[in-house]
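S.K.: Below you'll find start_37.txt; it's compact mmCIF, C-alpha atoms and all ligand atoms.
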```txt
# COMPACT_ATOMS: atom_id res chain seq x y z
CA MET W 5 -50.03 56.80 -54.58
CA ASN W 6 -50.42 53.34 -55.98
CA ARG W 7 -53.60 51.36 -56.38
CA ARG W 8 -53.53 47.66 -55.63
CA PRO W 9 -56.11 44.88 -55.83
CA SER W 10 -58.44 44.01 -52.95
CA GLY W 11 -57.12 41.59 -50.40
CA ILE W 12 -53.51 42.59 -50.98
CA LEU W 13 -53.17 44.03 -47.48
CA ALA W 14 -54.16 40.77 -45.85
CA ARG W 15 -51.59 38.90 -47.94
CA ALA W 16 -48.97 41.53 -47.14
CA ALA W 17 -49.65 41.30 -43.43
CA GLN W 18 -48.95 37.61 -43.66
CA ALA W 19 -45.87 38.14 -45.79
CA ALA W 20 -44.54 40.78 -43.41
CA VAL W 21 -44.47 38.31 -40.57
CA ILE W 22 -42.75 35.70 -42.70
CA VAL W 23 -40.24 38.20 -43.94
CA SER W 24 -39.37 39.43 -40.49
CA VAL W 25 -38.83 35.88 -39.33
CA VAL W 26 -36.47 35.10 -42.15
CA VAL W 27 -34.89 38.36 -41.16
CA ALA W 28 -35.58 41.63 -42.77
CA ARG W 29 -35.96 44.05 -45.55
CA ILE W 30 -37.01 47.78 -45.74
CA ALA W 31 -37.43 50.79 -48.01
CA SER W 32 -36.94 54.35 -49.04
CA PRO W 33 -39.01 57.47 -49.22
CA ALA W 34 -38.46 57.42 -52.99
CA ASP W 35 -41.77 58.71 -54.33
CA GLY W 36 -42.62 60.78 -51.27
CA SER W 37 -43.81 63.84 -53.12
CA ALA W 38 -46.68 61.96 -54.76
CA ASP W 39 -47.90 60.48 -51.48
CA ARG W 40 -50.79 62.06 -49.70
CA VAL W 41 -50.64 62.84 -46.01
CA GLU W 42 -53.80 62.05 -44.11
CA ARG W 43 -55.31 61.64 -40.70
CA VAL W 44 -57.00 58.23 -40.67
CA THR W 45 -59.34 57.36 -37.84
CA VAL W 46 -59.36 53.64 -37.19
CA ARG W 47 -61.33 51.41 -34.85
CA ARG W 48 -59.72 48.15 -33.81
CA ASP W 49 -60.63 45.87 -30.91
CA GLY W 50 -63.14 48.43 -29.69
CA VAL W 51 -60.55 51.24 -29.52
CA THR W 52 -60.73 54.28 -31.79
CA LYS W 53 -57.62 56.28 -32.62
CA ALA W 54 -56.40 58.76 -35.18
CA LEU W 55 -53.25 57.92 -37.13
CA GLU W 56 -51.37 60.44 -39.22
CA GLY W 57 -49.13 59.44 -42.04
CA LYS W 58 -48.40 59.12 -45.72
CA VAL W 59 -50.72 56.92 -47.75
CA VAL W 60 -48.18 54.83 -49.63
CA VAL W 61 -50.58 52.35 -51.18
CA GLU W 62 -54.32 52.18 -51.45
CA ALA W 63 -56.12 48.96 -52.34
CA VAL W 64 -59.28 49.12 -54.40
CA ASP W 65 -61.25 47.67 -51.48
CA GLY W 66 -60.24 50.74 -49.43
CA GLY W 67 -57.38 49.17 -47.46
CA ILE W 68 -54.37 51.42 -46.91
CA LEU W 69 -50.66 51.10 -46.31
CA LEU W 70 -49.81 54.10 -44.14
CA GLU W 71 -46.29 55.30 -43.29
CA ARG W 72 -46.22 56.99 -39.88
CA PRO W 73 -43.98 59.97 -39.07
CA ASP W 74 -41.54 57.64 -37.29
CA THR W 75 -41.40 55.54 -40.54
CA ALA W 76 -43.36 52.62 -39.11
CA LEU W 77 -45.77 51.09 -41.62
CA GLU W 78 -49.36 50.28 -40.74
CA LEU W 79 -51.60 48.04 -42.81
CA LEU W 80 -55.14 49.29 -42.33
CA ARG W 81 -57.92 46.94 -43.36
CA PRO W 82 -60.98 48.63 -44.90
CA GLN W 83 -63.20 47.37 -42.07
CA ALA W 84 -61.03 49.22 -39.50
CA ILE W 85 -61.12 52.62 -41.22
CA VAL W 86 -63.73 55.01 -39.81
CA ARG W 87 -62.69 58.28 -41.45
CA ARG W 88 -60.01 59.75 -43.68
CA GLU W 89 -59.05 63.44 -43.82
CA PRO W 90 -56.31 65.06 -45.88
CA LEU W 91 -53.84 67.03 -43.77
CA ALA W 92 -53.29 70.56 -45.00
CA GLY W 93 -49.70 71.52 -45.65
CA GLY W 94 -48.56 67.93 -45.57
CA GLY W 95 -48.88 67.64 -41.81
CA GLU W 96 -46.16 66.44 -39.54
CA PRO W 97 -44.74 63.62 -41.68
CA ALA W 98 -43.73 65.93 -44.53
CA GLY W 99 -41.09 67.62 -42.42
CA GLY W 100 -40.11 64.39 -40.70
CA LEU W 101 -39.20 64.09 -37.07
CA ASP W 102 -35.82 64.80 -35.57
CA ALA W 103 -33.94 62.23 -33.52
CA ALA W 104 -35.18 63.59 -30.21
CA ALA W 105 -38.84 63.57 -31.29
CA VAL W 106 -38.55 60.06 -32.71
CA GLY W 107 -36.81 58.93 -29.53
CA ARG W 108 -39.47 60.38 -27.24
CA ARG W 109 -42.21 58.55 -29.13
CA ILE W 110 -40.39 55.26 -28.98
CA LEU W 111 -39.55 55.61 -25.30
CA ALA W 112 -43.24 56.07 -24.61
CA GLU W 113 -43.92 52.64 -26.17
CA LEU W 114 -41.11 50.75 -24.44
CA PRO W 115 -41.05 49.38 -20.90
CA ASP W 116 -39.67 51.67 -18.16
CA GLY W 117 -35.94 52.18 -17.86
CA PHE W 118 -35.05 52.95 -21.50
CA GLU W 119 -32.84 55.88 -22.43
CA LEU W 120 -31.80 57.49 -25.69
CA PHE W 121 -28.35 57.58 -27.18
CA SER W 122 -28.11 59.42 -30.49
CA THR W 123 -25.36 59.21 -33.06
CA LYS W 124 -25.12 60.98 -36.40
CA HIS W 125 -27.57 58.63 -38.16
CA TYR W 126 -29.05 56.49 -35.39
CA CYS W 127 -31.44 56.83 -32.53
CA ILE W 128 -30.52 54.08 -30.06
CA CYS W 129 -33.07 53.26 -27.37
CA HIS W 130 -31.47 51.13 -24.67
CA ASP W 131 -31.81 49.96 -21.12
CA THR W 132 -28.24 48.61 -21.22
CA SER W 133 -25.14 50.34 -19.93
CA ARG W 134 -24.19 53.46 -21.85
CA PRO W 135 -20.84 51.97 -23.01
CA TYR W 136 -22.72 49.11 -24.66
CA ALA W 137 -25.05 51.53 -26.48
CA GLN W 138 -21.95 53.48 -27.54
CA TRP W 139 -20.28 50.32 -28.83
CA CYS W 140 -23.38 49.49 -30.90
CA GLY W 141 -23.61 53.08 -32.15
CA ALA W 142 -20.00 52.92 -33.34
CA VAL W 143 -20.58 49.62 -35.17
CA PHE W 144 -23.75 50.94 -36.82
CA GLU W 145 -22.14 54.22 -37.89
CA ARG W 146 -19.22 52.31 -39.37
CA LEU W 147 -21.61 50.09 -41.27
CA HIS W 148 -23.65 53.10 -42.41
CA ASP W 149 -20.64 54.81 -43.97
CA ALA W 150 -19.11 51.62 -45.34
CA PHE W 151 -22.39 50.62 -46.99
CA THR W 152 -22.96 54.06 -48.50
CA ASN W 153 -19.38 54.37 -49.77
CA TYR W 154 -19.24 50.85 -51.10
CA TRP W 155 -22.32 51.18 -53.30
CA SER W 156 -21.53 54.69 -54.34
CA ARG W 157 -18.11 53.54 -55.59
CA ALA W 158 -19.83 50.62 -57.31
CA GLY W 159 -22.03 53.07 -59.25
CA LEU W 160 -25.14 52.97 -57.09
CA PRO W 161 -25.44 56.25 -55.24
CA LEU W 162 -27.85 55.83 -52.33
CA ALA W 163 -30.15 58.37 -50.77
CA ALA W 164 -29.41 59.62 -47.27
CA ALA W 165 -32.14 58.55 -44.88
CA ASP W 166 -34.15 61.65 -44.00
CA ARG W 167 -34.95 60.36 -40.51
CA PRO W 168 -32.86 58.69 -37.83
CA LEU W 169 -32.52 54.92 -38.02
CA VAL W 170 -33.95 53.38 -34.88
CA VAL W 171 -32.29 50.60 -32.89
CA VAL W 172 -33.79 49.16 -29.70
CA ILE W 173 -31.39 47.32 -27.38
CA PHE W 174 -32.69 45.31 -24.43
CA SER W 175 -30.40 44.74 -21.46
CA SER W 176 -31.01 41.00 -21.37
CA GLN W 177 -31.99 38.22 -23.71
CA GLU W 178 -34.98 37.55 -21.48
CA ARG W 179 -36.36 41.06 -21.92
CA TYR W 180 -35.60 40.93 -25.64
CA LEU W 181 -37.50 37.65 -25.99
CA ALA W 182 -40.55 39.09 -24.24
CA HIS W 183 -40.62 41.71 -27.00
CA ALA W 184 -39.51 39.52 -29.93
CA ARG W 185 -41.47 36.32 -29.39
CA PRO W 186 -44.85 37.85 -30.25
CA VAL W 187 -43.32 38.99 -33.57
CA LEU W 188 -40.99 36.12 -34.47
CA GLY W 189 -42.40 33.19 -32.52
CA GLU W 190 -39.86 30.58 -31.54
CA ALA W 191 -37.40 31.88 -34.13
CA ALA W 192 -36.69 34.71 -31.65
CA ASP W 193 -34.69 32.30 -29.50
CA ARG W 194 -32.32 31.56 -32.36
CA VAL W 195 -31.41 35.11 -33.38
CA ALA W 196 -29.47 37.80 -31.55
CA GLY W 197 -31.48 40.49 -33.26
CA TYR W 198 -33.78 41.22 -36.15
CA TYR W 199 -34.86 43.98 -38.43
CA ASP W 200 -38.60 44.56 -38.31
CA LEU W 201 -39.68 45.92 -41.66
CA MET W 202 -43.01 47.19 -40.37
CA SER W 203 -41.62 49.26 -37.48
CA ASN W 204 -38.39 49.91 -39.45
CA ARG W 205 -36.34 49.15 -36.33
CA VAL W 206 -33.49 46.84 -35.47
CA ILE W 207 -34.22 45.04 -32.21
CA THR W 208 -31.44 43.34 -30.27
CA TYR W 209 -30.04 42.80 -26.76
CA ASP W 210 -26.79 43.25 -24.87
CA LEU W 211 -24.65 40.51 -26.38
CA THR W 212 -22.05 40.78 -23.61
CA GLY W 213 -24.63 39.09 -21.38
CA SER W 214 -24.89 36.03 -23.64
CA ASP W 215 -23.24 32.85 -22.37
CA ALA W 216 -20.66 32.67 -25.16
CA VAL W 217 -19.45 36.22 -24.65
CA ARG W 218 -19.61 36.14 -20.85
CA GLY W 219 -17.14 33.24 -20.83
CA GLU W 220 -14.72 35.21 -23.01
CA GLY W 221 -15.11 38.30 -20.86
CA LEU W 222 -14.19 36.40 -17.73
CA ARG W 223 -11.10 34.96 -19.37
CA GLY W 224 -10.10 38.47 -20.36
CA GLY W 225 -10.45 39.66 -16.76
CA ALA W 226 -14.00 40.53 -15.90
CA GLY W 227 -13.02 43.35 -13.60
CA ARG W 228 -11.05 45.17 -16.25
CA PRO W 229 -12.99 48.10 -17.73
CA GLY W 230 -13.99 47.28 -21.29
CA ALA W 231 -13.26 43.55 -20.88
CA LYS W 232 -16.81 42.62 -21.71
CA LEU W 233 -16.85 44.75 -24.83
CA ALA W 234 -13.42 43.46 -25.88
CA ALA W 235 -14.88 39.97 -25.66
CA LEU W 236 -17.17 40.88 -28.57
CA ALA W 237 -14.12 40.65 -30.83
CA SER W 238 -13.59 37.02 -29.77
CA PRO W 239 -14.35 34.06 -32.05
CA ALA W 240 -17.14 33.02 -29.69
CA ALA W 241 -18.92 36.31 -30.34
CA SER W 242 -18.38 36.46 -34.10
CA GLY W 243 -21.74 34.93 -35.00
CA LEU W 244 -23.58 37.33 -32.72
CA VAL W 245 -21.81 40.38 -34.11
CA ALA W 246 -22.41 39.10 -37.66
CA THR W 247 -26.15 38.94 -36.91
CA LEU W 248 -26.14 42.50 -35.63
CA VAL W 249 -24.35 43.78 -38.74
CA HIS W 250 -26.59 41.67 -40.99
CA GLU W 251 -29.73 43.21 -39.54
CA ALA W 252 -28.31 46.73 -39.62
CA THR W 253 -27.44 46.14 -43.29
CA HIS W 254 -31.07 45.26 -44.07
CA GLN W 255 -32.15 48.46 -42.33
CA MET W 256 -29.67 50.47 -44.42
CA ALA W 257 -30.74 48.78 -47.66
CA PHE W 258 -34.41 49.53 -46.99
CA ASN W 259 -33.77 53.13 -45.90
CA SER W 260 -31.36 54.23 -48.60
CA GLY W 261 -33.45 53.53 -51.68
CA MET W 262 -31.76 50.21 -52.43
CA HIS W 263 -35.05 48.41 -51.80
CA ARG W 264 -38.49 49.58 -50.75
CA ARG W 265 -40.34 48.04 -47.85
CA LEU W 266 -42.96 45.44 -48.84
CA ALA W 267 -41.79 45.58 -52.46
CA PRO W 268 -41.26 42.21 -54.14
CA VAL W 269 -37.48 42.10 -53.73
CA PRO W 270 -36.17 38.56 -54.32
CA LEU W 271 -34.86 37.26 -51.01
CA TRP W 272 -31.69 35.85 -52.55
CA ALA W 273 -30.69 39.44 -53.40
CA SER W 274 -31.75 41.19 -50.18
CA GLU W 275 -30.27 38.42 -48.04
CA GLY W 276 -27.22 38.15 -50.29
CA VAL W 277 -26.42 41.83 -49.76
CA ALA W 278 -26.87 41.54 -45.98
CA ILE W 279 -24.67 38.46 -45.77
CA TYR W 280 -22.06 40.06 -48.02
CA PHE W 281 -21.67 42.80 -45.41
CA GLU W 282 -21.89 40.66 -42.30
CA THR W 283 -18.45 39.02 -42.38
CA PRO W 284 -16.92 39.72 -38.98
CA ASP W 285 -13.31 40.75 -38.75
CA LEU W 286 -11.77 39.46 -35.58
CA GLY W 287 -8.69 41.63 -35.99
CA SER W 288 -10.82 44.69 -35.26
CA SER W 289 -11.62 45.76 -31.73
CA GLN W 290 -15.22 46.31 -32.84
CA GLY W 291 -15.51 42.83 -34.27
CA TRP W 292 -16.41 44.09 -37.72
CA ARG W 293 -14.54 46.20 -40.20
CA LYS W 294 -14.42 44.78 -43.67
CA ILE W 295 -16.93 44.19 -46.41
CA GLY W 296 -17.04 41.29 -48.76
CA LEU W 297 -14.61 38.89 -47.14
CA VAL W 298 -15.22 35.25 -47.99
CA ASN W 299 -17.92 34.19 -45.56
CA GLU W 300 -16.34 30.93 -44.41
CA PRO W 301 -19.32 29.42 -42.56
CA ARG W 302 -21.64 30.20 -45.50
CA LEU W 303 -19.08 28.86 -48.00
CA ALA W 304 -18.71 25.60 -46.05
CA HIS W 305 -22.47 25.23 -45.90
CA TRP W 306 -22.91 26.02 -49.59
CA GLN W 307 -20.34 23.37 -50.55
CA LYS W 308 -22.34 20.74 -48.69
CA SER W 309 -25.76 21.78 -49.86
CA PHE W 310 -25.51 23.04 -53.48
CA GLN W 311 -27.69 21.24 -56.01
CA PRO W 312 -27.60 21.85 -59.78
CA GLY W 313 -30.45 24.19 -60.73
CA ASP W 314 -30.34 26.10 -57.42
CA VAL W 315 -29.54 29.43 -59.08
CA ALA W 316 -32.64 29.27 -61.28
CA LYS W 317 -34.79 28.20 -58.34
CA LEU W 318 -33.72 31.08 -56.09
CA VAL W 319 -34.08 33.60 -58.88
CA ALA W 320 -37.62 32.37 -59.62
CA ASP W 321 -39.04 32.32 -56.09
CA ASP W 322 -38.39 32.63 -52.35
CA ALA W 323 -39.92 29.32 -51.29
CA ALA W 324 -36.58 27.73 -50.29
CA PHE W 325 -35.98 30.48 -47.69
CA ARG W 326 -39.26 29.79 -45.99
CA ARG W 327 -39.04 26.03 -45.61
CA ALA W 328 -37.51 24.77 -42.38
CA ASP W 329 -35.57 22.04 -44.23
CA SER W 330 -33.95 24.37 -46.79
CA GLY W 331 -33.77 27.83 -45.18
CA VAL W 332 -30.12 27.62 -44.13
CA ASP W 333 -29.13 26.21 -47.54
CA ALA W 334 -30.90 29.10 -49.26
CA TYR W 335 -29.01 31.67 -47.17
CA ALA W 336 -25.70 30.01 -48.05
CA ALA W 337 -26.63 29.98 -51.74
CA ALA W 338 -27.75 33.64 -51.55
CA TRP W 339 -24.33 34.58 -50.19
CA ALA W 340 -22.51 32.49 -52.82
CA MET W 341 -24.50 33.97 -55.72
CA THR W 342 -24.07 37.53 -54.44
CA TYR W 343 -20.36 37.04 -53.81
CA PHE W 344 -19.87 35.61 -57.31
CA LEU W 345 -21.87 38.35 -59.02
CA VAL W 346 -20.31 41.22 -57.06
CA GLN W 347 -16.79 39.89 -57.65
CA THR W 348 -17.20 39.10 -61.36
CA ARG W 349 -20.12 41.23 -62.64
CA ARG W 350 -20.36 44.21 -60.30
CA GLY W 351 -21.81 46.62 -62.88
CA GLU W 352 -24.53 44.16 -63.84
CA PHE W 353 -25.29 43.42 -60.20
CA VAL W 354 -25.70 47.14 -59.55
CA GLU W 355 -28.02 47.32 -62.55
CA TYR W 356 -30.03 44.48 -61.05
CA LEU W 357 -30.24 46.30 -57.71
CA ARG W 358 -31.49 49.36 -59.60
CA LEU W 359 -34.29 47.30 -61.15
CA LEU W 360 -35.22 45.92 -57.75
CA GLY W 361 -35.11 49.38 -56.16
CA ALA W 362 -37.79 50.56 -58.59
CA LYS W 363 -40.25 47.93 -57.36
CA GLU W 364 -43.08 49.40 -55.38
CA PRO W 365 -44.57 48.39 -52.04
CA LEU W 366 -47.13 45.61 -52.31
CA ALA W 367 -46.54 45.17 -56.05
CA GLU W 368 -46.60 41.56 -57.16
CA ASP W 369 -43.99 39.73 -59.19
CA SER W 370 -44.22 36.43 -61.01
CA ALA W 371 -41.44 33.88 -61.36
CA GLU W 372 -41.32 34.88 -65.02
CA SER W 373 -40.85 38.60 -64.28
CA ARG W 374 -38.12 37.73 -61.76
CA ARG W 375 -36.31 35.74 -64.46
CA GLU W 376 -36.76 38.64 -66.90
CA ASP W 377 -35.25 41.11 -64.42
CA PHE W 378 -32.26 38.81 -63.99
CA ARG W 379 -31.81 38.46 -67.73
CA ALA W 380 -32.22 42.21 -68.27
CA ALA W 381 -29.40 42.97 -65.83
CA PHE W 382 -26.96 40.11 -66.49
CA GLY W 383 -27.66 39.51 -70.18
CA VAL W 384 -28.22 35.77 -69.58
CA GLY W 385 -30.72 33.69 -67.67
CA PRO W 386 -29.91 32.05 -64.32
CA GLU W 387 -29.50 28.60 -65.91
CA GLU W 388 -26.89 29.98 -68.28
CA ILE W 389 -24.90 31.68 -65.54
CA GLU W 390 -24.68 28.62 -63.30
CA PRO W 391 -21.64 26.98 -65.00
CA ALA W 392 -19.55 30.16 -64.56
CA PHE W 393 -20.79 30.40 -60.97
CA LEU W 394 -19.64 26.85 -60.24
CA ARG W 395 -16.21 27.42 -61.80
CA PHE W 396 -15.76 30.56 -59.68
CA MET W 397 -16.86 28.84 -56.49
CA GLY W 398 -14.57 25.90 -57.26
CA ARG W 399 -11.58 28.25 -57.40
CA LEU W 400 -12.66 29.77 -54.08
CA ARG W 401 -12.67 26.33 -52.50
CA ASP W 402 -9.19 25.53 -53.84
CA ARG W 403 -7.62 28.83 -52.81
ZN ZN W 501 -31.40 38.71 -43.49
```
Take the structure in this file and express it as structure tokens.
M.R.:
Amino acid sequence: MNRRPSGILARAAQAAVIVSVVVARIASPADGSADRVERVTVRRDGVTKALEGKVVVEAVDGGILLERPDTALELLRPQAIVRREPLAGGGEPAGGLDAAAVGRRILAELPDGFELFSTKHYCICHDTSRPYAQWCGAVFERLHDAFTNYWSRAGLPLAAADRPLVVVIFSSQERYLAHARPVLGEAADRVAGYYDLMSNRVITYDLTGSDAVRGEGLRGGAGRPGAKLAALASPAASGLVATLVHEATHQMAFNSGMHRRLAPVPLWASEGVAIYFETPDLGSSQGWRKIGLVNEPRLAHWQKSFQPGDVAKLVADDAAFRRADSGVDAYAAAWAMTYFLVQTRRGEFVEYLRLLGAKEPLAEDSAESRREDFRAAFGVGPEEIEPAFLRFMGRLRDR
């Protein structure tokens, strides 16, 4: 268990919302054995309930970060905590929950009409058609294996998630927005899905119902079985499928030990990894197959928006991601930096990911320590690497 200063939970609660808007990050059960399992009785808004889970972090003011058996995180303010009791034998969370148990709990929270579809690593809760849930399951499983194999070959063996990864798919954008708007605000309207680092779930909707895809489906013969799903491999759908893969990549990264939820992982790195994996492949019937293709839309955007000194800025802090006027530029730069480093300095990049993976939930990092981590992994500071980065990106443009 890790002690943190007072007030950290309030700041984290704020950060969690921001992070989920910018789209995602999550973590691993890395130091599970040291964590204590407790039953914590809380009283909020006049309602008292008992929550069981692993105490991941404890602030000195008595606030707690609790990980529930379904892997959702709860930030419990000291004022809300009525009683804490250790659970003998580790309680339920120690053994984890199987897919069916996780699914039953989630179904109980969702509106009526949801069903479960389980794959090897995922628990998919959907009120869509079963073929759509199957299509998503196949994409996610492919990503799961590709992600694991890719990093293992690169020298970063990842831990297998000990519990099913949860995906919630709404049948329509309208139903999705009713769920997503309270979390994301207006940003919900602009994204086809998101990874919620507190609940540890990917939330999305049936993309074949979106206007872009529906048009493609009709052209392909709407009455033909599978026409709607085939339309997901169309250029019109590529951005939507990329979003889905991007969010699923965040979920993988935060559940495989690559990063830990609520740890101070620089956004350029967590977003860079997700964007590196998102490149859709329109030659595949599933709309996604390959990792690390040149991300043409991000490259085009980066070429328009790059400013000297950007590398050092993004390494030092995440502010550019959070400003409306620079968020898209920061994502493009995160992709470009990650692409450059993975292509030219893969071993060092893996070393950097290892440093980031050791960061603990709710720990704090300064701009200086972020620069030191970069220097420790790459042997040079971000300012010094920028000329090589620009030469590499110039060759990419001229290819
Ligand atoms: Zn993201």
S.K.: Can you work out the spacing between atom CA of W:Glu89 and atom CA of W:Leu70 in Å, to one decimal?
M.R.: 13.1 Å
S.K.: All residues within 12 Å of ligand ZN 501 (chain W) are required, counting all atoms listed in the file; please report them as number ranges by chain.
M.R.: W: 22-30, 195, 197-201, 206, 246-258, 270-282, 325, 331-332, 334-336, 338-339
S.K.: Hey, could you make a per-residue contact list for stretch 31-88 of chain W against stretch 107-126 of chain W with 12 Å as the cut-off, showing the nearest pair of atoms and its distance in Å to one decimal, counting only C-alpha atoms, sorted by chain and number, as CSV?
M.R.:
```
residue,atom,partner,partner_atom,distance
W:Arg72,CA,W:Arg109,CA,11.6
W:Pro73,CA,W:Arg109,CA,10.2
W:Asp74,CA,W:Arg109,CA,8.2
W:Thr75,CA,W:Ile110,CA,11.6
W:Ala76,CA,W:Ile110,CA,10.9
```
S.K.: Just how far from atom CA of W:Phe393 is atom CA of W:Val319, in Å to one decimal?
M.R.: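 Separating atom CA of W:Val319 from atom CA of W:Phe393 is a distance of 13.8 Å.
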S.K.: Which residue gives the smallest distance to W:Ala196 among W:Ala184, W:Ile68, W:Leu244, W:Leu233, with only C-alpha atoms counted?
M.R.: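 With only C-alpha atoms as the atom set, the closest residue is W:Leu244.
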S.K.: For atom CA of W:Leu181 and atom CA of W:Ala241, determine how far apart the two atoms are, in Å to one decimal place.
M.R.: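 Pair atom CA of W:Leu181 / atom CA of W:Ala241 returns 19.1 Å.
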S.K.: Measuring between only C-alpha atoms, which one of W:Val143, W:Ser260, W:Gly313, W:Arg185 shows the shortest distance to W:Ala237?
M.R.: W:Val143
S.K.: Residues near stretch 155-164 of chain W, anyone? I mean within 12 Å using only C-alpha atoms, not counting same-chain ones fewer than 3 positions away, as number ranges by chain.
M.R.: W: 31-34, 124-125, 148-152, 167-169, 256-263, 277, 281, 295, 346-347, 349-359, 361
S.K.: With all atoms listed in the file as the counted atoms, please give the residues lying no more than 8 Å from W:His305, apart from itself and same-chain residues fewer than 4 positions off, as a count of residues only.
M.R.: 4
S.K.: Check the smallest atom-to-atom distance from each of W:Arg88, W:Glu368, W:Leu79, W:Ser203 to W:Glu56 using all atoms listed in the file, then report the winner.
M.R.: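 Going through W:Arg88, W:Glu368, W:Leu79, W:Ser203 one by one, the smallest distance to W:Glu56 is for W:Arg88.
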S.K.: For stretch 311-324 of chain W, I'd like the enclosing box, axis-aligned and padded by 6 Å on every side, reported as AutoDock Vina command-line options with centre and edge lengths in Å to one decimal.
M.R.:
```
--center_x -33.8 --center_y 27.4 --center_z -55.8 --size_x 24.3 --size_y 24.4 --size_z 23.0
```
S.K.: So which residues fall inside 10 Å of (-12.6, 29.7, -51.4) if we count only C-alpha atoms? Mind giving them as a ChimeraX atom specification?
M.R.: /W:298-300,303-304,396-403
S.K.: Tell me which of W:Gln307, W:Phe344, W:Val269, W:Leu394 sits closest to W:Ser370, counting only C-alpha atoms.
M.R.: W:Val269
S.K.: Tell me which of W:Leu69, W:Val64, W:Val86, W:Ala324 sits closest to W:Val44, counting only C-alpha atoms.
M.R.: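 Among W:Leu69, W:Val64, W:Val86, W:Ala324, it is W:Val86 that comes nearest to W:Val44.
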S.K.: Using only C-alpha atoms for the distances, tell me which of W:Glu145, W:Leu345, W:Ala192, W:Pro268 is nearest to W:Lys363.
M.R.: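 Of all the options, W:Pro268 lies closest to W:Lys363.
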S.K.: Output stretch 72-86 of chain W as an mmCIF file, in the coordinates of the input, making sure N, CA and C atoms are there.
M.R.:
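Once everything was written out, this is out01.cif:
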```cif
data_model
loop_
_atom_site.group_PDB
_atom_site.id
_atom_site.type_symbol
_atom_site.label_atom_id
_atom_site.label_comp_id
_atom_site.auth_asym_id
_atom_site.auth_seq_id
_atom_site.Cartn_x
_atom_site.Cartn_y
_atom_site.Cartn_z
ATOM 1 N N ARG W 72 -46.116 56.041 -40.994
ATOM 2 C CA ARG W 72 -46.220 56.990 -39.880
ATOM 3 C C ARG W 72 -45.008 57.918 -39.860
ATOM 4 N N PRO W 73 -45.106 59.017 -39.111
ATOM 5 C CA PRO W 73 -43.980 59.970 -39.070
ATOM 6 C C PRO W 73 -42.679 59.344 -38.585
ATOM 7 N N ASP W 74 -42.784 58.285 -37.754
ATOM 8 C CA ASP W 74 -41.540 57.640 -37.290
ATOM 9 C C ASP W 74 -41.089 56.552 -38.257
ATOM 10 N N THR W 75 -41.697 56.475 -39.440
ATOM 11 C CA THR W 75 -41.400 55.540 -40.540
ATOM 12 C C THR W 75 -41.994 54.146 -40.353
ATOM 13 N N ALA W 76 -42.694 53.912 -39.246
ATOM 14 C CA ALA W 76 -43.360 52.620 -39.110
ATOM 15 C C ALA W 76 -44.479 52.528 -40.146
ATOM 16 N N LEU W 77 -44.679 51.311 -40.670
ATOM 17 C CA LEU W 77 -45.770 51.090 -41.620
ATOM 18 C C LEU W 77 -46.961 50.486 -40.893
ATOM 19 N N GLU W 78 -48.140 50.866 -41.299
ATOM 20 C CA GLU W 78 -49.360 50.280 -40.740
ATOM 21 C C GLU W 78 -50.221 49.812 -41.904
ATOM 22 N N LEU W 79 -50.657 48.555 -41.825
ATOM 23 C CA LEU W 79 -51.600 48.040 -42.810
ATOM 24 C C LEU W 79 -52.996 48.196 -42.228
ATOM 25 N N LEU W 80 -53.805 49.014 -42.859
ATOM 26 C CA LEU W 80 -55.140 49.290 -42.330
ATOM 27 C C LEU W 80 -56.185 48.613 -43.210
ATOM 28 N N ARG W 81 -56.865 47.633 -42.627
ATOM 29 C CA ARG W 81 -57.920 46.940 -43.360
ATOM 30 C C ARG W 81 -59.104 47.892 -43.549
ATOM 31 N N PRO W 82 -59.852 47.715 -44.656
ATOM 32 C CA PRO W 82 -60.980 48.630 -44.900
ATOM 33 C C PRO W 82 -61.987 48.638 -43.756
ATOM 34 N N GLN W 83 -62.205 47.460 -43.139
ATOM 35 C CA GLN W 83 -63.200 47.370 -42.070
ATOM 36 C C GLN W 83 -62.805 48.234 -40.867
ATOM 37 N N ALA W 84 -61.489 48.493 -40.689
ATOM 38 C CA ALA W 84 -61.030 49.220 -39.500
ATOM 39 C C ALA W 84 -61.074 50.736 -39.704
ATOM 40 N N ILE W 85 -61.213 51.178 -40.951
ATOM 41 C CA ILE W 85 -61.120 52.620 -41.220
ATOM 42 C C ILE W 85 -62.473 53.300 -41.025
ATOM 43 N N VAL W 86 -62.494 54.281 -40.109
ATOM 44 C CA VAL W 86 -63.730 55.010 -39.810
ATOM 45 C C VAL W 86 -63.818 56.280 -40.652
#
```
